[in-house]
>>> print(open('protein23.cif').read())   # mmCIF, C-alpha atoms
data_input
loop_
_atom_site.label_atom_id
_atom_site.label_comp_id
_atom_site.auth_asym_id
_atom_site.auth_seq_id
_atom_site.Cartn_x
_atom_site.Cartn_y
_atom_site.Cartn_z
CA MET A 1 142.45 72.58 132.27
CA CYS A 2 141.67 69.28 133.95
CA ARG A 3 144.48 68.02 136.20
CA LYS A 4 146.39 65.00 134.89
CA PHE A 5 147.27 62.31 137.42
CA THR A 6 150.38 60.19 137.14
CA PRO A 7 150.11 56.40 137.45
CA ASP A 8 151.77 56.56 140.86
CA GLU A 9 149.23 59.13 142.07
CA LEU A 10 146.35 56.99 140.87
CA ASN A 11 147.78 53.88 142.56
CA ALA A 12 148.15 55.78 145.81
CA MET A 13 144.47 56.84 145.84
CA ASP A 14 141.91 55.01 147.89
CA HIS A 15 138.76 53.61 146.29
CA GLU A 16 136.58 56.62 147.15
CA ALA A 17 139.06 59.13 145.70
CA LYS A 18 139.27 57.15 142.45
CA ASN A 19 135.48 57.16 142.20
CA ASP A 20 135.49 60.95 142.58
CA VAL A 21 138.04 61.30 139.77
CA ILE A 22 136.03 58.99 137.49
CA CYS A 23 132.80 60.91 138.16
CA GLN A 24 134.54 64.21 137.40
CA MET A 25 135.86 62.74 134.13
CA GLN A 26 132.39 61.51 133.16
CA ASP A 27 130.90 64.93 133.85
CA ARG A 28 133.61 66.55 131.76
CA LEU A 29 133.10 64.06 128.92
CA ASP A 30 129.36 64.76 128.96
CA LYS A 31 130.02 68.48 128.73
CA LEU A 32 132.56 68.02 125.93
CA GLU A 33 130.13 65.81 124.00
CA HIS A 34 127.36 68.39 124.44
CA ASP A 35 129.67 71.20 123.30
CA TYR A 36 130.80 69.07 120.34
CA GLU A 37 127.21 68.45 119.21
CA ASN A 38 126.42 72.16 119.51
CA LEU A 39 129.50 73.00 117.46
CA ILE A 40 128.54 70.50 114.74
CA GLU A 41 125.04 71.99 114.60
CA GLN A 42 126.47 75.48 114.25
CA ILE A 43 128.78 74.33 111.45
CA ARG A 44 125.90 72.60 109.62
CA LEU A 45 123.71 75.67 109.92
CA ALA A 46 126.51 78.00 108.81
CA ASP A 47 127.29 75.77 105.80
CA GLN A 48 123.62 75.59 104.85
CA GLN A 49 123.18 79.34 105.10
CA ARG A 50 126.33 79.96 103.09
CA PHE A 51 126.16 77.26 100.43
CA GLY A 52 122.71 75.64 100.65
CA ARG A 53 119.31 76.57 99.32
CA HIS A 54 117.58 79.26 101.35
CA THR A 55 114.39 77.41 102.12
CA GLU A 56 112.41 76.48 105.19
CA LYS A 57 110.17 73.86 103.59
CA LEU A 58 109.73 70.56 105.38
CA SER A 59 110.11 68.78 102.03
CA GLU A 60 113.84 69.55 102.27
CA ILE A 61 114.06 66.89 105.00
CA GLU A 62 114.67 63.47 103.45
CA GLY A 63 111.50 61.46 103.08
CA GLN A 64 109.24 64.11 104.57
CA LEU A 65 106.22 65.86 103.08
CA SER A 66 105.35 69.53 103.34
CA PHE A 67 101.88 68.64 104.61
CA PHE A 68 101.47 65.88 107.18
CA ASN A 69 98.33 64.29 105.70
CA GLU A 70 99.06 64.73 101.99
CA ALA A 71 98.22 61.13 101.13
CA GLU A 72 94.85 61.25 102.88
CA GLU A 73 94.11 64.65 101.38
CA ASN A 74 94.69 63.49 97.78
CA CYS A 75 93.20 60.00 98.06
CA ASP A 76 90.33 59.32 95.60
CA GLU A 77 89.48 55.61 95.37
CA SER A 78 86.71 56.24 92.84
CA ARG A 79 89.21 57.44 90.25
CA PRO A 80 90.26 54.62 87.83
CA GLU A 81 93.89 53.70 87.31
CA PRO A 82 95.47 55.48 84.33
CA THR A 83 96.33 53.41 81.25
CA ILE A 84 99.88 53.13 79.89
CA ASP A 85 99.01 55.45 77.00
CA GLU A 86 97.66 58.09 79.39
CA THR A 87 100.71 57.85 81.62
CA VAL A 88 103.22 58.13 78.77
CA ALA A 89 101.28 60.91 77.05
CA ALA A 90 101.23 62.96 80.25
CA ALA A 91 104.98 62.62 80.68
CA VAL A 92 105.94 63.59 77.11
CA LYS A 93 106.45 67.29 76.58
CA GLN A 94 103.79 68.60 74.23
CA PRO A 95 104.97 70.65 71.22
CA ARG A 96 104.37 74.36 71.38
CA SER A 97 101.12 75.26 69.68
CA PRO A 98 101.44 77.57 66.68
CA LYS A 99 100.38 81.17 67.09
CA LYS A 100 96.70 81.68 66.30
CA LYS A 101 95.77 83.54 63.15
CA GLY A 102 95.24 87.20 63.95
CA GLN A 103 97.18 86.96 67.21
CA ARG A 104 99.69 89.61 66.12
CA VAL A 105 96.91 92.11 65.49
CA GLU A 106 95.53 91.33 68.95
CA ASP A 107 98.99 91.79 70.52
CA LEU A 108 99.39 95.24 68.92
CA LYS A 109 95.86 96.56 69.40
CA ASP A 110 96.74 98.76 72.40
CA PHE A 111 99.48 100.69 70.57
CA PRO A 112 98.79 103.86 68.56
CA GLN A 113 98.34 102.80 64.96
CA GLU A 114 98.91 104.43 61.63
CA GLU A 115 98.43 102.96 58.18
CA VAL A 116 101.20 103.15 55.59
CA GLU A 117 100.01 102.41 52.06
CA HIS A 118 102.36 101.07 49.39
CA ASP A 119 100.64 101.48 45.99
CA VAL A 120 101.86 100.92 42.45
CA PRO A 121 101.85 104.11 40.31
CA ARG A 122 99.45 104.09 37.36
CA GLU A 123 102.31 104.65 34.90
CA GLU A 124 104.07 101.50 36.15
CA LEU A 125 100.85 99.47 35.85
CA SER A 126 100.39 100.68 32.26
CA ARG A 127 103.94 99.74 31.33
CA ALA A 128 103.50 96.29 32.86
CA PHE A 129 99.98 95.34 31.69
CA GLY A 130 98.93 97.91 29.10
CA GLU A 131 96.50 100.78 29.64
CA GLY A 132 93.53 99.64 31.74
CA ASN A 133 94.38 95.95 31.60
CA TRP A 134 94.50 95.31 35.36
CA LYS A 135 92.27 94.96 38.42
CA SER A 136 92.85 95.24 42.16
CA MET A 137 93.36 92.14 44.28
CA PRO A 138 92.99 91.83 48.10
CA ASP A 139 95.69 93.83 49.86
CA GLU A 140 98.67 92.13 51.45
CA ILE A 141 99.10 93.26 55.04
CA PHE A 142 102.04 92.94 57.44
CA TRP A 143 102.69 94.60 60.78
CA GLN A 144 105.77 96.26 62.25
CA LEU A 145 106.35 97.99 65.57
CA ARG A 146 108.26 101.25 65.20
CA PHE A 147 110.26 102.84 68.01
CA GLU A 148 110.55 106.62 68.26
CA PRO A 149 113.19 108.07 70.63
CA ALA A 150 112.09 110.55 73.29
CA ARG A 151 110.82 113.81 71.83
CA TRP A 152 111.33 117.19 73.44
CA ILE A 153 108.74 119.86 72.84
CA ALA A 154 109.46 123.45 73.86
CA GLU A 155 106.11 124.87 74.95
CA LYS A 156 105.78 128.61 74.50
CA HIS A 157 102.96 129.69 76.80
CA VAL A 158 101.39 132.94 75.67
CA VAL A 159 99.29 134.48 78.44
CA LYS A 160 96.97 137.16 77.15
CA VAL A 161 96.89 140.25 79.39
CA TYR A 162 94.18 142.91 79.39
CA VAL A 163 93.81 146.17 81.34
CA GLY A 164 90.71 148.20 82.08
CA THR A 165 90.69 151.72 80.61
CA ASP A 166 87.55 153.29 81.98
CA GLY A 167 85.41 153.67 85.07
CA LEU A 168 85.82 151.61 88.22
CA HIS A 169 88.06 149.01 86.53
CA GLN A 170 90.58 151.40 85.07
CA ASP A 171 94.14 150.07 85.32
CA GLU A 172 92.91 146.65 86.55
CA PHE A 173 94.64 143.71 84.86
CA LEU A 174 93.07 140.44 83.72
CA ARG A 175 95.16 137.52 82.51
CA GLY A 176 94.18 134.35 80.70
CA ASP A 177 93.93 131.18 82.77
CA HIS A 178 97.02 128.98 82.54
CA PRO A 179 98.37 125.96 84.45
CA ALA A 180 100.60 126.78 87.39
CA THR A 181 104.29 126.19 86.81
CA LEU A 182 105.90 123.32 88.67
CA PHE A 183 108.66 125.57 90.03
CA ARG A 184 108.82 129.33 89.68
CA GLY A 185 111.11 130.37 86.83
CA SER A 186 111.91 126.76 85.88
CA ILE A 187 111.65 125.13 82.45
CA ALA A 188 110.50 121.86 84.05
CA ALA A 189 107.08 120.66 82.96
CA PRO A 190 105.47 117.96 85.15
CA SER A 191 106.13 115.34 82.46
CA LEU A 192 109.86 116.18 82.41
CA GLU A 193 110.23 115.85 86.19
CA ALA A 194 108.18 112.64 86.04
CA ALA A 195 110.69 111.28 83.50
CA VAL A 196 113.59 112.12 85.85
CA ILE A 197 111.89 110.47 88.85
CA ASN A 198 110.98 107.39 86.80
CA ALA A 199 114.52 106.97 85.47
CA LYS A 200 116.07 107.48 88.91
CA TYR A 201 113.74 105.63 91.28
CA VAL A 202 111.92 103.12 89.07
CA ASN A 203 114.69 102.16 86.65
CA SER A 204 117.48 102.68 89.25
CA ASN A 205 119.66 104.84 87.00
CA PRO A 206 122.19 107.22 88.60
CA LEU A 207 121.72 110.89 87.81
CA ASP A 208 124.97 111.00 85.82
CA ARG A 209 123.64 108.36 83.43
CA ILE A 210 120.29 110.13 83.13
CA ALA A 211 122.13 113.36 82.30
CA ARG A 212 124.14 111.55 79.58
CA ASP A 213 120.97 110.06 78.09
CA PHE A 214 119.36 113.49 77.98
CA GLN A 215 122.55 114.94 76.45
CA ALA A 216 122.43 112.33 73.68
CA ASN A 217 118.95 113.62 72.81
CA GLY A 218 120.09 117.24 72.75
CA LEU A 219 119.03 118.28 76.26
CA ASN A 220 121.63 119.62 78.68
CA LEU A 221 120.41 118.94 82.24
CA SER A 222 122.95 118.68 85.05
CA LYS A 223 122.50 116.24 87.90
CA GLN A 224 122.40 119.20 90.29
CA THR A 225 119.38 120.64 88.46
CA MET A 226 117.62 117.27 88.48
CA SER A 227 118.43 116.87 92.18
CA ASN A 228 116.90 120.25 92.94
CA TRP A 229 113.74 119.43 91.03
CA THR A 230 113.36 116.09 92.82
CA VAL A 231 113.88 117.57 96.30
CA TRP A 232 111.47 120.42 95.57
CA SER A 233 108.87 117.96 94.25
CA ALA A 234 109.17 115.89 97.42
CA GLU A 235 108.80 118.92 99.69
CA ARG A 236 106.02 120.71 97.82
CA TYR A 237 103.95 117.98 96.19
CA PHE A 238 104.74 114.56 97.65
CA GLN A 239 104.83 115.48 101.35
CA PRO A 240 101.06 116.24 101.51
CA VAL A 241 100.37 112.92 99.77
CA TYR A 242 102.69 111.13 102.20
CA ASP A 243 100.96 112.73 105.19
CA LEU A 244 97.52 111.73 103.89
CA MET A 245 98.66 108.14 103.23
CA LYS A 246 100.07 107.91 106.76
CA LYS A 247 96.81 109.26 108.21
CA ARG A 248 94.74 106.72 106.28
CA GLN A 249 97.12 103.88 107.17
CA LEU A 250 96.92 104.58 110.90
CA GLU A 251 93.12 104.48 110.69
CA ALA A 252 93.29 100.75 109.82
CA HIS A 253 92.73 98.31 112.70
CA VAL A 254 95.60 96.04 111.61
CA ASN A 255 98.96 97.33 110.43
CA GLN A 256 102.32 95.75 109.68
CA CYS A 257 105.79 97.17 110.22
CA ASP A 258 109.32 96.07 109.39
CA GLU A 259 112.69 97.75 109.00
CA THR A 260 115.56 97.04 106.64
CA PRO A 261 119.13 98.40 106.67
CA LEU A 262 120.62 100.54 103.92
CA GLU A 263 123.54 102.87 103.40
CA VAL A 264 123.20 106.58 102.70
CA ILE A 265 126.17 108.60 101.46
CA HIS A 266 127.20 112.00 102.79
CA ASP A 267 124.95 112.05 105.86
CA ASP A 268 127.63 113.42 108.24
CA ARG A 269 128.49 109.94 109.52
CA PRO A 270 131.44 107.59 108.85
CA ALA A 271 131.31 105.69 105.56
CA GLY A 272 129.45 102.39 105.82
CA SER A 273 127.19 103.53 108.65
CA LYS A 274 123.84 101.73 108.67
CA SER A 275 120.62 103.60 108.17
CA TYR A 276 117.15 102.06 108.19
CA MET A 277 114.07 102.17 106.03
CA TRP A 278 111.01 101.56 108.19
CA VAL A 279 108.16 100.17 106.09
CA HIS A 280 104.58 100.59 107.34
CA LEU A 281 101.63 98.98 105.58
CA THR A 282 97.99 98.20 106.13
CA GLY A 283 96.92 94.63 106.86
CA GLU A 284 96.03 92.31 104.00
CA LEU A 285 92.33 92.32 104.88
CA SER A 286 92.03 96.03 105.64
CA PRO A 287 89.21 97.73 103.68
CA GLY A 288 90.15 100.11 100.92
CA PRO A 289 93.32 100.25 98.83
CA LYS A 290 96.52 98.83 100.29
CA ILE A 291 98.77 101.56 101.69
CA VAL A 292 102.56 101.26 102.00
CA VAL A 293 104.55 104.09 103.61
CA TYR A 294 108.37 104.19 103.56
CA GLU A 295 110.01 106.12 106.40
CA TYR A 296 113.76 106.78 106.42
CA GLN A 297 115.59 106.97 109.75
CA LYS A 298 119.28 106.94 110.65
CA THR A 299 118.84 104.41 113.47
CA ARG A 300 116.76 101.48 114.70
CA HIS A 301 115.90 103.27 117.93
CA SER A 302 112.57 102.57 119.62
CA ASP A 303 111.71 106.28 119.49
CA HIS A 304 110.95 105.97 115.76
CA PRO A 305 107.99 103.54 115.96
CA LYS A 306 106.88 105.30 119.15
CA GLU A 307 106.60 108.61 117.28
CA TYR A 308 105.07 107.09 114.14
CA TYR A 309 102.37 105.09 115.97
CA LYS A 310 101.64 107.60 118.72
CA ASP A 311 98.04 108.04 117.47
CA PHE A 312 97.48 104.39 116.49
CA LYS A 313 95.21 101.96 118.32
CA GLY A 314 94.93 98.43 117.03
CA ILE A 315 97.03 95.39 116.12
CA LEU A 316 100.60 95.85 114.90
CA MET A 317 102.12 92.79 113.22
CA THR A 318 105.94 92.69 113.35
CA ASP A 319 108.93 90.36 113.31
CA GLY A 320 109.18 90.38 117.11
CA LEU A 321 111.90 93.00 117.44
CA GLU A 322 112.14 94.28 121.02
CA GLN A 323 111.42 97.85 119.90
CA TYR A 324 107.88 96.78 118.96
CA HIS A 325 107.31 94.92 122.23
CA LYS A 326 108.45 98.03 124.09
CA LEU A 327 105.98 100.10 122.07
CA ALA A 328 103.10 97.76 123.01
CA ARG A 329 104.09 97.83 126.69
CA GLU A 330 104.35 101.60 126.90
CA GLN A 331 101.49 102.71 124.65
CA GLU A 332 97.94 101.79 125.58
CA GLY A 333 95.76 100.51 122.77
CA ILE A 334 98.46 98.72 120.74
CA THR A 335 98.58 94.92 120.57
CA ASN A 336 101.79 93.44 119.16
CA ALA A 337 101.27 90.38 116.95
CA ASN A 338 104.34 88.43 115.86
CA CYS A 339 104.76 87.11 112.33
CA PHE A 340 104.53 83.32 111.85
CA ALA A 341 107.04 83.46 108.98
CA HIS A 342 109.68 84.87 111.33
CA ALA A 343 108.72 82.53 114.17
CA ARG A 344 109.01 79.38 112.04
CA ARG A 345 112.46 80.40 110.82
CA HIS A 346 113.99 79.51 114.20
CA PHE A 347 112.42 76.04 114.09
CA ALA A 348 113.58 75.58 110.48
CA ASN A 349 117.14 76.55 111.46
CA ALA A 350 117.05 74.02 114.30
CA ILE A 351 116.12 71.25 111.84
CA LYS A 352 118.79 72.32 109.36
CA ALA A 353 121.36 72.13 112.15
CA MET A 354 120.36 68.51 112.82
CA GLY A 355 121.21 67.50 109.26
CA LYS A 356 119.15 65.86 106.51
CA GLY A 357 120.48 62.38 107.22
CA ASN A 358 119.20 62.39 110.78
CA GLY A 359 115.56 61.73 109.85
CA GLU A 360 114.39 59.92 112.97
CA ALA A 361 115.77 62.57 115.30
CA VAL A 362 114.25 65.30 113.13
CA LYS A 363 110.76 63.75 113.25
CA ALA A 364 110.97 63.36 117.03
CA SER A 365 112.09 66.94 117.61
CA VAL A 366 109.93 69.75 118.96
CA ALA A 367 111.08 71.93 116.04
CA TYR A 368 109.65 69.50 113.48
CA LYS A 369 106.33 69.23 115.30
CA ALA A 370 106.15 73.03 115.47
CA LEU A 371 106.76 73.33 111.72
CA VAL A 372 104.07 70.76 110.98
CA ARG A 373 101.54 72.69 113.07
CA ILE A 374 102.50 76.00 111.51
CA GLY A 375 102.23 74.37 108.08
CA ALA A 376 98.70 73.21 108.92
CA VAL A 377 97.77 76.77 109.89
CA TYR A 378 99.22 78.04 106.60
CA ASP A 379 97.25 75.43 104.67
CA LEU A 380 94.02 76.42 106.41
CA GLU A 381 94.75 80.08 105.74
CA GLY A 382 95.23 79.27 102.06
CA THR A 383 91.71 77.83 101.84
CA LEU A 384 90.32 81.05 103.35
CA LYS A 385 92.44 83.43 101.28
CA ASN A 386 89.72 84.52 98.86
CA LEU A 387 87.00 84.94 101.49
CA SER A 388 85.89 88.23 102.97
CA PRO A 389 87.05 89.12 106.51
CA GLU A 390 83.54 88.37 107.82
CA ALA A 391 83.46 84.95 106.14
CA ARG A 392 86.94 84.09 107.44
#
>>> encode(input="protein23.cif", output="structure tokens")
Amino acid sequence: MCRKFTPDELNAMDHEAKNDVICQMQDRLDKLEHDYENLIEQIRLADQQRFGRHTEKLSEIEGQLSFFNEAEENCDESRPEPTIDETVAAAVKQPRSPKKKGQRVEDLKDFPQEEVEHDVPREELSRAFGEGNWKSMPDEIFWQLRFEPARWIAEKHVVKVYVGTDGLHQDEFLRGDHPATLFRGSIAAPSLEAAVINAKYVNSNPLDRIARDFQANGLNLSKQTMSNWTVWSAERYFQPVYDLMKKRQLEAHVNQCDETPLEVIHDDRPAGSKSYMWVHLTGELSPGPKIVVYEYQKTRHSDHPKEYYKDFKGILMTDGLEQYHKLAREQEGITNANCFAHARRHFANAIKAMGKGNGEAVKASVAYKALVRIGAVYDLEGTLKNLSPEAR
């Protein structure tokens, strides 16, 4: 707390002492004003993040454009001025065009088709028109799309077995070729396990709901059985694919990595503990198909990227987390490249903290100039997007 002087104490001070007190008060006022402005910026930013639109576009600043030379870029003096009719016509919402003739047939062409004929019995024709007093007209045709619930087919595989009865091959057995079972002694066909995985991981259904859906169709599969199948599939069939994808991904010269938090139940830790999904993917311009590898870890420790990228040499693009910088410092051959989208976020937050009504201060700020330059880089990158890496 700053000491408070009484009027008598102030009157008793000499001129030099009073000057010292005034200077101290000015310094304190400057600090309080600085702290006040910082607090206001923090409140603005917190309000924007909580209630405002989550955007980092420069167009959100009053009177500003997302590209600094938009007017020059779109100027075309050779183009004539539009007439009133053209201007009004462009502003009026056009009615929806009717569906083209034959469009329904085109929409349904990729579905399996069957023809259902609805004829008039000969006896009915005779009663209506008299014997032979009619002729056929062009058929009337309409289309419907029928839905059939899931069908379950119990496959009985009969493997023929033969045994030699004479000579060198006596008592030797020969069996007919048949596909290997997914799991020994299990009723699961690959299509059934694929349905479980699709319902669980693509459609985000819990196993209890999947079990109820199967039960409604006459199939009694417990969630424990489905869990076993899924774990076994991961260990026996997906792990080799995962390992190959990782190998191919690390062969790329440019890779990207990011991590996102998630919660995992029953992992021997207190409820609500954070786990992390580390996502590794090849660069946008890497040759070959794009590869994305998801790696689950309980922590965000730097040992995880260190282990994953121990055989990698090239450029690793990240959000600038210290774990990645540490990896680049300690492992020869890795260059850490930060992401512009993450970098510009700090400048965008600085502008949001200044407030939309403070246009002049925003335009004069370093943060605004940085966003304009980054925007120009983005615009240039957009013009090169469809070019080959060599042409870029």
>>> atom_distance(input="protein23.cif", atom1="CA of Val163 (chain A)", atom2="CA of Ala188 (chain A)")
29.6 Å
>>> resolve_selection(input="protein23.cif", expression="the PyMOL selection byres ((chain A and resi 118) around 12)", output="JSON, numbers by chain")
{"A": [115, 116, 117, 119, 120, 121, 139, 140, 141, 142]}
>>> closest_residue(input="protein23.cif", among="A:Cys257, A:Val293, A:Ala367, A:Ala199", to="Asp243 (chain A)", atoms="only C-alpha atoms")
A:Val293
>>> resolve_selection(input="protein23.cif", expression="the PyMOL selection byres ((chain A and resi 189) around 12)", output="VMD selection string")
chain A and resid 152 to 157 179 to 188 190 to 196 229 233
>>> resolve_selection(input="protein23.cif", expression="the PyMOL selection byres ((chain A and resi 219) around 12)", output="tab-separated table (two decimals) with C-alpha atoms, keeping the file's coordinate frame")
chain	number	residue	atom	x	y	z
A	150	ALA	CA	112.09	110.55	73.29
A	151	ARG	CA	110.82	113.81	71.83
A	152	TRP	CA	111.33	117.19	73.44
A	153	ILE	CA	108.74	119.86	72.84
A	154	ALA	CA	109.46	123.45	73.86
A	187	ILE	CA	111.65	125.13	82.45
A	192	LEU	CA	109.86	116.18	82.41
A	210	ILE	CA	120.29	110.13	83.13
A	211	ALA	CA	122.13	113.36	82.30
A	212	ARG	CA	124.14	111.55	79.58
A	213	ASP	CA	120.97	110.06	78.09
A	214	PHE	CA	119.36	113.49	77.98
A	215	GLN	CA	122.55	114.94	76.45
A	216	ALA	CA	122.43	112.33	73.68
A	217	ASN	CA	118.95	113.62	72.81
A	218	GLY	CA	120.09	117.24	72.75
A	220	ASN	CA	121.63	119.62	78.68
A	221	LEU	CA	120.41	118.94	82.24
A	222	SER	CA	122.95	118.68	85.05
>>> closest_residue(input="protein23.cif", among="A:Gln256, A:Asn228, A:Gln297, A:Asn358", to="Tyr324 (chain A)", atoms="all atoms listed in the file")
A:Gln256
>>> atom_distance(input="protein23.cif", atom1="CA of Ala46 (chain A)", atom2="CA of Met277 (chain A)")
27.3 Å
>>> axis_aligned_box(input="protein23.cif", around="region 192-207 of chain A", padding_each_side="4 Å", output="AutoDock Vina command-line options")
--center_x 115.2 --center_y 109.2 --center_z 86.8 --size_x 22.0 --size_y 22.0 --size_z 16.9
>>> closest_residue(input="protein23.cif", among="A:Val254, A:Leu29, A:Ile197, A:Met245", to="Met226 (chain A)", atoms="only C-alpha atoms")
A:Ile197
>>> atom_distance(input="protein23.cif", atom1="CA of Gly283 (chain A)", atom2="CA of Ala252 (chain A)")
7.7 Å
>>> residues_around(input="protein23.cif", residues="Gly355 (chain A)", least_positions_apart="4", cutoff="8 Å", atoms="all atoms listed in the file", output="JSON, numbers by chain")
{"A": [41, 44, 351]}
>>> write_last_selection(input="protein23.cif", atoms="C-alpha atoms", output="PDB file, in the coordinates of the input")
ATOM      1  CA  GLU A  41     125.040  71.990 114.600  1.00  0.00           C
ATOM      2  CA  ARG A  44     125.900  72.600 109.620  1.00  0.00           C
ATOM      3  CA  ILE A 351     116.120  71.250 111.840  1.00  0.00           C
TER       4      ILE A 351
END
>>> closest_residue(input="protein23.cif", among="A:Asp268, A:Asp258, A:Glu360, A:Glu390", to="Cys339 (chain A)", atoms="only C-alpha atoms")
A:Asp258
>>> residues_around(input="protein23.cif", residues="region 331-337 of chain A", least_positions_apart="2", cutoff="6 Å", atoms="all atoms listed in the file", output="NGL selection string")
:A and (313-317 or 327-329)
>>> closest_residue(input="protein23.cif", among="A:Ala341, A:Met25, A:Asn255, A:Glu16", to="Lys4 (chain A)", atoms="only C-alpha atoms")
A:Met25
>>> closest_residue(input="protein23.cif", among="A:Ala391, A:Leu250, A:Met13, A:Val264", to="His280 (chain A)", atoms="only C-alpha atoms")
A:Leu250
